[in-house]
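Colleague: One structure, pasted below without further comment.
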Amino acid sequence: MRISPEMITIDCPDPQTLAAWWATALGVEGTQDYGEFVIVPATPLVLGFQRVPEPKTVKNRVHIDFASPDRPADVERLVGLGATVIGEHSMHGLSWNVLQDPQGNEFCLADEGTQ
């Protein structure tokens with residue numbers, strides 16, 4: 001028997017706002033809003049946003065890695081949407097940026113084909 005990944009869920013104080021941000025960032029039309037839980041049906045990765053009362057206080061233990069054919073342009077676009085650049089890294093032919101979404105959740109954006 002084998003399990004398969006279906007969705008990554010992100011805890012946040014305002015799931016509607018954060019899901020809308022991610023839908024725009026990923027170019028996805030529409031979300032599925034269940035009040036305390038909102039789904040962004042980004043294919044092949046589905047993101048869920050779950051309302052929690054406590055604020056984020058430390059670095060994420062899990063984060064999502066994305067790839068881009070034009071990382072600098074996409075970093076600029078995401079910053080324009082409200083993301084924050086935390087750092088830029090290169091190692092062994094891999095280059096990526098660490099960013100935070102508007103509610104402080106970290107994610108990475110790498111050059112396409114280097115993951």
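Identifiers in the structure tokens: chain A, B, ... in order shown; residue index from 1 per chain; ligand index from 1 in order shown.
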Need to verify the contact set: stretch 70-87 of chain A, 6 Å, only C-alpha atoms, exclusion of same-chain residues closer than 6 positions in sequence. Can you return it as JSON, numbers by chain?
Modeller: {"A": [97, 98, 99, 100, 101, 102, 111]}
Colleague: If we count only C-alpha atoms, what is near stretch 29-44 of chain A at a cut-off of 9 Å, once residues fewer than 2 positions away on the same chain are taken out, given as a ChimeraX atom specification?
Modeller: /A:6-7,9,14-16,19-20,22-24,26-27,46-52
Colleague: Write the residues of the preceding selection, restricted to all heavy atoms, as a short mmCIF file (atom, residue, chain, number, x, y, z; two decimals), in the first residue's frame.
Modeller:
data_model
loop_
_atom_site.label_atom_id
_atom_site.label_comp_id
_atom_site.auth_asym_id
_atom_site.auth_seq_id
_atom_site.Cartn_x
_atom_site.Cartn_y
_atom_site.Cartn_z
N GLU A 6 -1.78 14.89 -1.49
CA GLU A 6 -2.98 15.48 -2.09
C GLU A 6 -3.02 17.00 -1.94
O GLU A 6 -3.48 17.69 -2.83
CB GLU A 6 -4.24 14.88 -1.45
CG GLU A 6 -4.42 13.41 -1.72
CD GLU A 6 -4.72 13.11 -3.17
OE1 GLU A 6 -5.44 13.89 -3.81
OE2 GLU A 6 -4.22 12.07 -3.66
N MET A 7 -2.58 17.49 -0.79
CA MET A 7 -2.70 18.92 -0.52
C MET A 7 -1.70 19.30 0.56
O MET A 7 -1.39 18.51 1.44
CB MET A 7 -4.13 19.25 -0.04
CG MET A 7 -4.35 20.69 0.35
SD MET A 7 -6.07 21.18 0.67
CE MET A 7 -6.85 19.74 1.31
N THR A 9 -1.39 22.10 3.51
CA THR A 9 -2.23 23.04 4.24
C THR A 9 -1.35 24.00 5.04
O THR A 9 -0.41 23.58 5.71
CB THR A 9 -3.18 22.30 5.19
OG1 THR A 9 -4.02 21.44 4.40
CG2 THR A 9 -4.06 23.26 5.97
N ASP A 14 -6.01 34.53 8.41
CA ASP A 14 -7.02 35.01 7.46
C ASP A 14 -6.94 34.18 6.17
O ASP A 14 -6.29 34.57 5.21
CB ASP A 14 -6.78 36.50 7.17
CG ASP A 14 -7.83 37.11 6.28
OD1 ASP A 14 -8.70 36.38 5.75
OD2 ASP A 14 -7.78 38.33 6.08
N PRO A 15 -7.60 33.01 6.16
CA PRO A 15 -7.47 32.12 5.01
C PRO A 15 -8.01 32.70 3.71
O PRO A 15 -7.46 32.43 2.64
CB PRO A 15 -8.23 30.86 5.42
CG PRO A 15 -9.10 31.25 6.56
CD PRO A 15 -8.45 32.43 7.21
N GLN A 16 -9.06 33.49 3.74
CA GLN A 16 -9.61 34.05 2.51
C GLN A 16 -8.60 34.98 1.83
O GLN A 16 -8.37 34.89 0.63
CB GLN A 16 -10.92 34.80 2.77
CG GLN A 16 -12.10 33.90 3.05
CD GLN A 16 -12.09 33.26 4.43
OE1 GLN A 16 -11.41 33.71 5.36
NE2 GLN A 16 -12.86 32.20 4.61
N ALA A 19 -5.44 32.89 0.69
CA ALA A 19 -5.77 32.04 -0.46
C ALA A 19 -5.91 32.88 -1.72
O ALA A 19 -5.45 32.48 -2.80
CB ALA A 19 -7.05 31.26 -0.18
N ALA A 20 -6.53 34.05 -1.61
CA ALA A 20 -6.66 34.93 -2.77
C ALA A 20 -5.28 35.38 -3.26
O ALA A 20 -5.03 35.45 -4.47
CB ALA A 20 -7.53 36.14 -2.43
N TRP A 22 -2.39 33.74 -2.93
CA TRP A 22 -1.74 32.61 -3.58
C TRP A 22 -2.39 32.29 -4.92
O TRP A 22 -1.70 31.92 -5.88
CB TRP A 22 -1.74 31.39 -2.66
CG TRP A 22 -0.58 31.42 -1.71
CD1 TRP A 22 -0.60 31.76 -0.39
CD2 TRP A 22 0.77 31.12 -2.03
NE1 TRP A 22 0.66 31.69 0.13
CE2 TRP A 22 1.54 31.30 -0.85
CE3 TRP A 22 1.43 30.73 -3.19
CZ2 TRP A 22 2.90 31.09 -0.80
CZ3 TRP A 22 2.80 30.51 -3.15
CH2 TRP A 22 3.51 30.70 -1.97
N ALA A 23 -3.70 32.40 -5.03
CA ALA A 23 -4.37 32.17 -6.32
C ALA A 23 -3.84 33.15 -7.37
O ALA A 23 -3.52 32.76 -8.50
CB ALA A 23 -5.88 32.30 -6.17
N THR A 24 -3.69 34.41 -6.99
CA THR A 24 -3.12 35.40 -7.90
C THR A 24 -1.67 35.08 -8.22
O THR A 24 -1.25 35.10 -9.38
CB THR A 24 -3.23 36.82 -7.29
OG1 THR A 24 -4.61 37.12 -7.07
CG2 THR A 24 -2.62 37.87 -8.20
N LEU A 26 -0.15 32.26 -8.24
CA LEU A 26 -0.02 31.05 -9.03
C LEU A 26 -0.81 31.10 -10.34
O LEU A 26 -0.76 30.17 -11.14
CB LEU A 26 -0.47 29.83 -8.21
CG LEU A 26 0.38 29.54 -6.97
CD1 LEU A 26 -0.27 28.46 -6.13
CD2 LEU A 26 1.79 29.14 -7.38
N GLY A 27 -1.57 32.20 -10.54
CA GLY A 27 -2.36 32.32 -11.76
C GLY A 27 -3.54 31.37 -11.81
O GLY A 27 -3.93 30.88 -12.86
N VAL A 46 -2.27 21.21 -4.75
CA VAL A 46 -3.44 21.86 -4.14
C VAL A 46 -2.99 22.45 -2.81
O VAL A 46 -2.32 21.80 -2.01
CB VAL A 46 -4.59 20.84 -3.92
CG1 VAL A 46 -5.75 21.49 -3.19
CG2 VAL A 46 -5.03 20.25 -5.25
N LEU A 47 -3.34 23.71 -2.59
CA LEU A 47 -3.00 24.38 -1.34
C LEU A 47 -4.26 24.60 -0.52
O LEU A 47 -5.29 25.03 -1.06
CB LEU A 47 -2.33 25.73 -1.61
CG LEU A 47 -1.00 25.71 -2.35
CD1 LEU A 47 -0.50 27.13 -2.58
CD2 LEU A 47 0.02 24.90 -1.59
N GLY A 48 -4.17 24.33 0.77
CA GLY A 48 -5.26 24.62 1.69
C GLY A 48 -4.80 25.68 2.68
O GLY A 48 -3.63 25.72 3.07
N PHE A 49 -5.72 26.54 3.09
CA PHE A 49 -5.42 27.60 4.06
C PHE A 49 -6.43 27.49 5.19
O PHE A 49 -7.63 27.62 4.98
CB PHE A 49 -5.47 28.98 3.37
CG PHE A 49 -4.45 29.07 2.28
CD1 PHE A 49 -4.74 28.70 0.99
CD2 PHE A 49 -3.16 29.49 2.58
CE1 PHE A 49 -3.78 28.74 -0.01
CE2 PHE A 49 -2.19 29.53 1.59
CZ PHE A 49 -2.51 29.16 0.30
N GLN A 50 -5.91 27.23 6.38
CA GLN A 50 -6.73 26.93 7.54
C GLN A 50 -6.57 28.02 8.59
O GLN A 50 -5.46 28.37 8.98
CB GLN A 50 -6.26 25.59 8.10
CG GLN A 50 -6.90 25.17 9.37
CD GLN A 50 -6.43 23.77 9.72
OE1 GLN A 50 -7.00 22.79 9.28
NE2 GLN A 50 -5.36 23.68 10.51
N ARG A 51 -7.71 28.54 9.05
CA ARG A 51 -7.68 29.57 10.09
C ARG A 51 -7.22 28.98 11.42
O ARG A 51 -7.72 27.95 11.86
CB ARG A 51 -9.05 30.21 10.29
CG ARG A 51 -9.04 31.37 11.29
CD ARG A 51 -10.41 31.99 11.51
NE ARG A 51 -11.18 32.19 10.30
CZ ARG A 51 -11.06 33.22 9.47
NH1 ARG A 51 -10.17 34.16 9.71
NH2 ARG A 51 -11.84 33.31 8.39
N VAL A 52 -6.23 29.64 12.02
CA VAL A 52 -5.77 29.29 13.36
C VAL A 52 -5.69 30.58 14.18
O VAL A 52 -5.44 31.64 13.63
CB VAL A 52 -4.40 28.56 13.35
CG1 VAL A 52 -4.50 27.23 12.64
CG2 VAL A 52 -3.33 29.42 12.74
#
Colleague: Report the distance between atom CA of A:Gly93 and atom CA of A:Ala110 in Å, rounded to one decimal place.
Modeller: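 Atom CA of A:Ala110 lies at a distance of 11.0 Å from atom CA of A:Gly93.
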Colleague: Rank nothing, just name the residue among A:Ser95, A:Val28, A:Arg2, A:Cys12 nearest to A:Asp65, using only C-alpha atoms.
Modeller: A:Ser95
Colleague: Go ahead and compute the interatomic distance for atom CA of A:Glu88 and atom CA of A:Glu112, in Å to one decimal.
Modeller: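 Interatomic distance, atom CA of A:Glu88 to atom CA of A:Glu112: 15.2 Å.
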Colleague: Could you tell me which of A:Leu94, A:Cys108, A:Val62, A:Leu45 comes closest to A:Asp11 if we count only C-alpha atoms?
Modeller: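 Going through A:Leu94, A:Cys108, A:Val62, A:Leu45 one by one, the smallest distance to A:Asp11 is for A:Val62.
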Colleague: As a list in words, which residues of stretch 57-87 of chain A does DSSP assign to alpha helix (DSSP H)?
Modeller: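 The alpha helix (DSSP H) residues within stretch 57-87 of chain A come out as Arg71, Pro72, Ala73, Asp74, Val75, Glu76, Arg77, Leu78, Val79, Gly80 and Leu81 of chain A.
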Colleague: Work out how far atom CA of A:Phe66 is from atom CA of A:Phe107, in Å to one decimal.
Modeller: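 Separating atom CA of A:Phe107 from atom CA of A:Phe66 is a distance of 7.7 Å.
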Colleague: Counting only C-alpha atoms, figure out which residue out of A:Pro69, A:Leu109, A:His63, A:Pro55 gets nearest to A:Ile8.
Modeller: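 Among the listed residues, the smallest separation from A:Ile8 belongs to A:His63.
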Colleague: Taking only C-alpha atoms into account, which of A:Pro13, A:Asn105, A:Ser4, A:Ser90 comes nearest A:Pro53?
Modeller: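 Nearest to A:Pro53: A:Pro13.
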